[in-house]
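Structure record follows, encoded as structure tokens.
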Amino acid sequence: MNKFGYYAQGVEVSTAVLPTGWEDRLITWQSQAMRPSRALFLEPHDLALAKLAAFRDKDRAFVTALLNAKLLATDTIIDRLADLPVSPQTRDRITGFLRPWSS
């Protein structure tokens, strides 16, 4: 965390497992102070799926906080899960994790 109250960490795309189409959903942010540079952020549901593919304690805690704060739609995550390049076992584990928030 810095003096502005947030912390950003860059991630190499090669280290993340992301659903098909994630590039089309990137969120761009740019301020006057940072021109001509800009920041690109994963769409929250794509980020959640990448975290759930990794399935570390800290990743599950992060996604749990987003779900409890109602910042994610479980249906969207489940829809995109079909486009996540993971094993059937990983897909089942993610589905099981999401079950308490599913309608």
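Ordering of the structure tokens sets the chain letters (A, B, ...), residue numbers begin anew at 1 in every chain, and ligands are numbered from 1 in the order given.
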**Prompt:** Contacts of Lys51 in chain A at 12 Å or less, counting only C-alpha atoms, minus same-chain residues fewer than 4 places along, as a list of chain:residue names?
**Reply:**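 Near Lys51 in chain A, the qualifying residues are A:Thr15, A:Ala16, A:Val17, A:Leu18, A:Pro19, A:Leu42, A:Pro44, A:His45, A:Asp46, A:Leu47, A:Phe55, A:Arg56, A:Asp57, A:Lys58, A:Asp59, A:Arg60, A:Ala61, A:Phe62, A:Val63, A:Thr64, A:Leu66, A:Ile77, A:Leu84, A:Thr90, A:Ile94, A:Phe97.
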Could you turn the residues from that selection into a file that holds C-alpha atoms, as a compact mmCIF listing (two decimals), in the first residue's frame?
```txt
# COMPACT_ATOMS: atom_id res chain seq x y z
CA THR A 15 1.66 -16.91 -15.68
CA ALA A 16 -2.13 -16.53 -15.57
CA VAL A 17 -4.80 -18.99 -16.67
CA LEU A 18 -7.50 -16.86 -18.30
CA PRO A 19 -10.77 -17.58 -20.10
CA LEU A 42 -8.45 -7.62 -16.08
CA PRO A 44 -13.18 -8.62 -12.41
CA HIS A 45 -14.80 -11.93 -13.45
CA ASP A 46 -11.75 -12.86 -15.53
CA LEU A 47 -9.52 -11.98 -12.59
CA PHE A 55 -6.74 -21.88 -5.94
CA ARG A 56 -4.24 -20.74 -3.30
CA ASP A 57 -5.57 -19.70 0.12
CA LYS A 58 -4.96 -16.01 -0.63
CA ASP A 59 -6.74 -16.32 -4.00
CA ARG A 60 -9.79 -17.99 -2.50
CA ALA A 61 -9.90 -15.32 0.23
CA PHE A 62 -9.72 -12.58 -2.42
CA VAL A 63 -12.55 -14.06 -4.50
CA THR A 64 -14.61 -14.71 -1.36
CA LEU A 66 -15.41 -9.94 -3.91
CA ILE A 77 -18.05 -16.64 -13.56
CA LEU A 84 -11.11 -21.55 -19.02
CA THR A 90 -10.08 -28.00 -11.65
CA ILE A 94 -14.08 -24.09 -8.95
CA PHE A 97 -16.17 -23.34 -4.45
```
**Request:** From a DSSP calculation on the backbone, collect every residue of range 18-64 of chain A in strand (DSSP E or B) and output the set as a list in words.
**Result:**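 Residues of range 18-64 of chain A classed as strand (DSSP E or B): Ile27, Thr28, Trp29, Ala39, Leu40 and Phe41 of chain A.
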For the residues in the current selection, export N, CA, C and O atoms as a PDB file, in the first residue's frame.
```
ATOM      1  N   ILE A  27      -9.957  -3.642 -19.129  1.00  0.00           N
ATOM      2  CA  ILE A  27     -10.411  -2.315 -18.729  1.00  0.00           C
ATOM      3  C   ILE A  27      -9.205  -1.383 -18.797  1.00  0.00           C
ATOM      4  O   ILE A  27      -8.161  -1.669 -18.213  1.00  0.00           O
ATOM      5  N   THR A  28      -9.342  -0.288 -19.522  1.00  0.00           N
ATOM      6  CA  THR A  28      -8.261   0.679 -19.697  1.00  0.00           C
ATOM      7  C   THR A  28      -8.469   1.862 -18.774  1.00  0.00           C
ATOM      8  O   THR A  28      -9.587   2.351 -18.624  1.00  0.00           O
ATOM      9  N   TRP A  29      -7.391   2.299 -18.154  1.00  0.00           N
ATOM     10  CA  TRP A  29      -7.449   3.480 -17.295  1.00  0.00           C
ATOM     11  C   TRP A  29      -6.258   4.366 -17.624  1.00  0.00           C
ATOM     12  O   TRP A  29      -5.138   3.893 -17.782  1.00  0.00           O
ATOM     13  N   ALA A  39      -2.939   2.144 -18.100  1.00  0.00           N
ATOM     14  CA  ALA A  39      -2.975   0.889 -17.354  1.00  0.00           C
ATOM     15  C   ALA A  39      -4.089   0.019 -17.910  1.00  0.00           C
ATOM     16  O   ALA A  39      -5.156   0.527 -18.265  1.00  0.00           O
ATOM     17  N   LEU A  40      -3.838  -1.262 -17.975  1.00  0.00           N
ATOM     18  CA  LEU A  40      -4.841  -2.236 -18.411  1.00  0.00           C
ATOM     19  C   LEU A  40      -5.119  -3.179 -17.252  1.00  0.00           C
ATOM     20  O   LEU A  40      -4.187  -3.692 -16.630  1.00  0.00           O
ATOM     21  N   PHE A  41      -6.395  -3.393 -16.981  1.00  0.00           N
ATOM     22  CA  PHE A  41      -6.806  -4.241 -15.872  1.00  0.00           C
ATOM     23  C   PHE A  41      -7.692  -5.365 -16.385  1.00  0.00           C
ATOM     24  O   PHE A  41      -8.517  -5.157 -17.274  1.00  0.00           O
TER      25      PHE A  41
END
```
Please give the complete set of residues from range 8-99 of chain A that DSSP, run on the backbone, assigns to alpha helix (DSSP H), formatted as a CSV table (one decimal) with N, CA, C and O atoms, in the first residue's frame.
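And here's states-v5.csv as it stands now:
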```
chain,number,residue,atom,x,y,z
A,44,PRO,N,-13.1,-7.9,-13.7
A,44,PRO,CA,-13.2,-8.6,-12.4
A,44,PRO,C,-13.5,-10.1,-12.5
A,44,PRO,O,-13.0,-10.9,-11.7
A,45,HIS,N,-14.4,-10.5,-13.4
A,45,HIS,CA,-14.8,-11.9,-13.4
A,45,HIS,C,-13.7,-12.8,-14.0
A,45,HIS,O,-13.4,-13.9,-13.6
A,46,ASP,N,-12.9,-12.2,-15.0
A,46,ASP,CA,-11.8,-12.9,-15.5
A,46,ASP,C,-10.7,-13.0,-14.5
A,46,ASP,O,-10.0,-14.0,-14.3
A,47,LEU,N,-10.5,-11.9,-13.7
A,47,LEU,CA,-9.5,-12.0,-12.6
A,47,LEU,C,-9.9,-13.1,-11.6
A,47,LEU,O,-9.1,-13.8,-11.1
A,48,ALA,N,-11.2,-13.1,-11.2
A,48,ALA,CA,-11.7,-14.1,-10.3
A,48,ALA,C,-11.4,-15.5,-10.8
A,48,ALA,O,-10.9,-16.4,-10.0
A,49,LEU,N,-11.6,-15.8,-12.1
A,49,LEU,CA,-11.3,-17.1,-12.6
A,49,LEU,C,-9.9,-17.4,-12.6
A,49,LEU,O,-9.5,-18.6,-12.3
A,50,ALA,N,-9.0,-16.5,-12.9
A,50,ALA,CA,-7.6,-16.7,-12.8
A,50,ALA,C,-7.2,-17.0,-11.4
A,50,ALA,O,-6.4,-18.0,-11.2
A,51,LYS,N,-7.7,-16.3,-10.4
A,51,LYS,CA,-7.4,-16.6,-9.0
A,51,LYS,C,-8.0,-18.0,-8.6
A,51,LYS,O,-7.3,-18.8,-7.9
A,52,LEU,N,-9.1,-18.4,-9.1
A,52,LEU,CA,-9.7,-19.7,-8.7
A,52,LEU,C,-9.0,-20.8,-9.4
A,52,LEU,O,-8.9,-21.9,-8.9
A,53,ALA,N,-8.4,-20.5,-10.6
A,53,ALA,CA,-7.6,-21.6,-11.3
A,53,ALA,C,-6.3,-21.9,-10.4
A,53,ALA,O,-5.9,-23.0,-10.3
A,54,ALA,N,-5.8,-20.8,-9.9
A,54,ALA,CA,-4.6,-21.0,-9.0
A,54,ALA,C,-5.0,-21.7,-7.7
A,54,ALA,O,-4.2,-22.5,-7.1
A,57,ASP,N,-4.8,-20.3,-1.0
A,57,ASP,CA,-5.6,-19.7,0.1
A,57,ASP,C,-5.8,-18.2,-0.1
A,57,ASP,O,-7.0,-17.8,0.0
A,58,LYS,N,-4.8,-17.5,-0.5
A,58,LYS,CA,-5.0,-16.0,-0.6
A,58,LYS,C,-5.9,-15.7,-1.8
A,58,LYS,O,-6.6,-14.7,-1.8
A,59,ASP,N,-5.9,-16.5,-2.8
A,59,ASP,CA,-6.7,-16.3,-4.0
A,59,ASP,C,-8.2,-16.6,-3.7
A,59,ASP,O,-9.1,-15.9,-4.0
A,60,ARG,N,-8.4,-17.7,-2.9
A,60,ARG,CA,-9.8,-18.0,-2.5
A,60,ARG,C,-10.3,-16.9,-1.6
A,60,ARG,O,-11.5,-16.5,-1.7
A,61,ALA,N,-9.5,-16.4,-0.7
A,61,ALA,CA,-9.9,-15.3,0.2
A,61,ALA,C,-10.3,-14.1,-0.6
A,61,ALA,O,-11.2,-13.4,-0.2
A,62,PHE,N,-9.5,-13.8,-1.6
A,62,PHE,CA,-9.7,-12.6,-2.4
A,62,PHE,C,-11.1,-12.7,-3.1
A,62,PHE,O,-11.9,-11.8,-3.1
A,63,VAL,N,-11.3,-13.9,-3.8
A,63,VAL,CA,-12.6,-14.1,-4.5
A,63,VAL,C,-13.7,-14.1,-3.5
A,63,VAL,O,-14.8,-13.5,-3.8
A,64,THR,N,-13.6,-14.7,-2.4
A,64,THR,CA,-14.6,-14.7,-1.4
A,64,THR,C,-15.0,-13.3,-1.0
A,64,THR,O,-16.2,-13.0,-0.9
A,65,ALA,N,-14.0,-12.4,-0.8
A,65,ALA,CA,-14.3,-11.0,-0.4
A,65,ALA,C,-15.1,-10.3,-1.5
A,65,ALA,O,-16.0,-9.6,-1.3
A,66,LEU,N,-14.7,-10.6,-2.8
A,66,LEU,CA,-15.4,-9.9,-3.9
A,66,LEU,C,-16.8,-10.5,-4.0
A,66,LEU,O,-17.8,-9.7,-4.3
A,67,LEU,N,-17.0,-11.8,-3.8
A,67,LEU,CA,-18.4,-12.3,-3.9
A,67,LEU,C,-19.2,-11.8,-2.7
A,67,LEU,O,-20.4,-11.5,-2.9
A,68,ASN,N,-18.7,-11.8,-1.5
A,68,ASN,CA,-19.4,-11.3,-0.4
A,68,ASN,C,-19.8,-9.8,-0.5
A,68,ASN,O,-20.9,-9.4,0.0
A,74,THR,N,-21.9,-14.5,-9.8
A,74,THR,CA,-21.6,-15.9,-9.9
A,74,THR,C,-21.9,-16.5,-11.3
A,74,THR,O,-21.2,-17.3,-11.8
A,75,ASP,N,-23.1,-16.1,-11.8
A,75,ASP,CA,-23.5,-16.7,-13.1
A,75,ASP,C,-22.5,-16.3,-14.2
A,75,ASP,O,-22.2,-17.2,-15.1
A,76,THR,N,-21.9,-15.1,-14.2
A,76,THR,CA,-20.9,-14.7,-15.2
A,76,THR,C,-19.7,-15.6,-15.0
A,76,THR,O,-19.1,-16.0,-16.0
A,77,ILE,N,-19.2,-15.8,-13.8
A,77,ILE,CA,-18.0,-16.6,-13.6
A,77,ILE,C,-18.3,-18.0,-14.1
A,77,ILE,O,-17.5,-18.6,-14.8
A,78,ILE,N,-19.4,-18.6,-13.8
A,78,ILE,CA,-19.8,-20.0,-14.2
A,78,ILE,C,-19.9,-20.0,-15.7
A,78,ILE,O,-19.4,-21.0,-16.3
A,79,ASP,N,-20.4,-19.0,-16.4
A,79,ASP,CA,-20.5,-19.0,-17.8
A,79,ASP,C,-19.1,-19.0,-18.4
A,79,ASP,O,-18.9,-19.7,-19.4
A,80,ARG,N,-18.2,-18.2,-17.9
A,80,ARG,CA,-16.9,-18.1,-18.4
A,80,ARG,C,-16.0,-19.3,-18.1
A,80,ARG,O,-15.0,-19.6,-18.7
A,81,LEU,N,-16.4,-20.1,-17.1
A,81,LEU,CA,-15.6,-21.2,-16.7
A,81,LEU,C,-15.5,-22.2,-17.8
A,81,LEU,O,-14.5,-22.9,-17.9
A,88,PRO,N,-10.9,-31.0,-16.1
A,88,PRO,CA,-12.2,-31.2,-15.5
A,88,PRO,C,-12.2,-31.2,-14.0
A,88,PRO,O,-13.1,-30.7,-13.4
A,89,GLN,N,-11.1,-31.7,-13.4
A,89,GLN,CA,-11.0,-31.7,-11.9
A,89,GLN,C,-11.0,-30.2,-11.4
A,89,GLN,O,-11.6,-29.9,-10.4
A,90,THR,N,-10.2,-29.4,-12.1
A,90,THR,CA,-10.1,-28.0,-11.7
A,90,THR,C,-11.4,-27.3,-11.9
A,90,THR,O,-11.9,-26.5,-11.0
A,91,ARG,N,-12.1,-27.6,-13.0
A,91,ARG,CA,-13.4,-27.0,-13.2
A,91,ARG,C,-14.4,-27.4,-12.1
A,91,ARG,O,-15.1,-26.5,-11.6
A,92,ASP,N,-14.4,-28.6,-11.7
A,92,ASP,CA,-15.2,-29.1,-10.7
A,92,ASP,C,-14.9,-28.5,-9.3
A,92,ASP,O,-15.8,-28.1,-8.6
A,93,ARG,N,-13.6,-28.3,-9.1
A,93,ARG,CA,-13.2,-27.6,-7.8
A,93,ARG,C,-13.7,-26.2,-7.8
A,93,ARG,O,-14.2,-25.7,-6.7
A,94,ILE,N,-13.6,-25.5,-8.9
A,94,ILE,CA,-14.1,-24.1,-9.0
A,94,ILE,C,-15.6,-24.0,-8.8
A,94,ILE,O,-16.1,-23.2,-8.1
A,95,THR,N,-16.3,-24.9,-9.5
A,95,THR,CA,-17.8,-25.0,-9.4
A,95,THR,C,-18.2,-25.2,-7.9
A,95,THR,O,-19.1,-24.6,-7.4
A,96,GLY,N,-17.5,-26.2,-7.3
A,96,GLY,CA,-17.8,-26.5,-5.9
A,96,GLY,C,-17.5,-25.3,-5.0
A,96,GLY,O,-18.3,-25.0,-4.0
A,97,PHE,N,-16.5,-24.5,-5.2
A,97,PHE,CA,-16.2,-23.3,-4.4
A,97,PHE,C,-17.3,-22.3,-4.6
A,97,PHE,O,-17.7,-21.6,-3.6
A,98,LEU,N,-17.8,-22.2,-5.8
A,98,LEU,CA,-18.8,-21.1,-6.1
A,98,LEU,C,-20.2,-21.5,-5.6
A,98,LEU,O,-21.1,-20.6,-5.5
```
**Item:** Interatomic distance (Å, one decimal) between CA of Ser103 in chain A and CA of Arg25 in chain A
**Value:**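 Calculated distance between CA of Ser103 in chain A and CA of Arg25 in chain A is 24.5 Å.
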**Asked** Restricting the calculation to only C-alpha atoms, which member of A:Thr20, A:Ser31, A:Ser37, A:Ser102 is positioned closest to Leu72 in chain A?
**Response**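 Checking each candidate against Leu72 in chain A, we get A:Ser102 as the closest.
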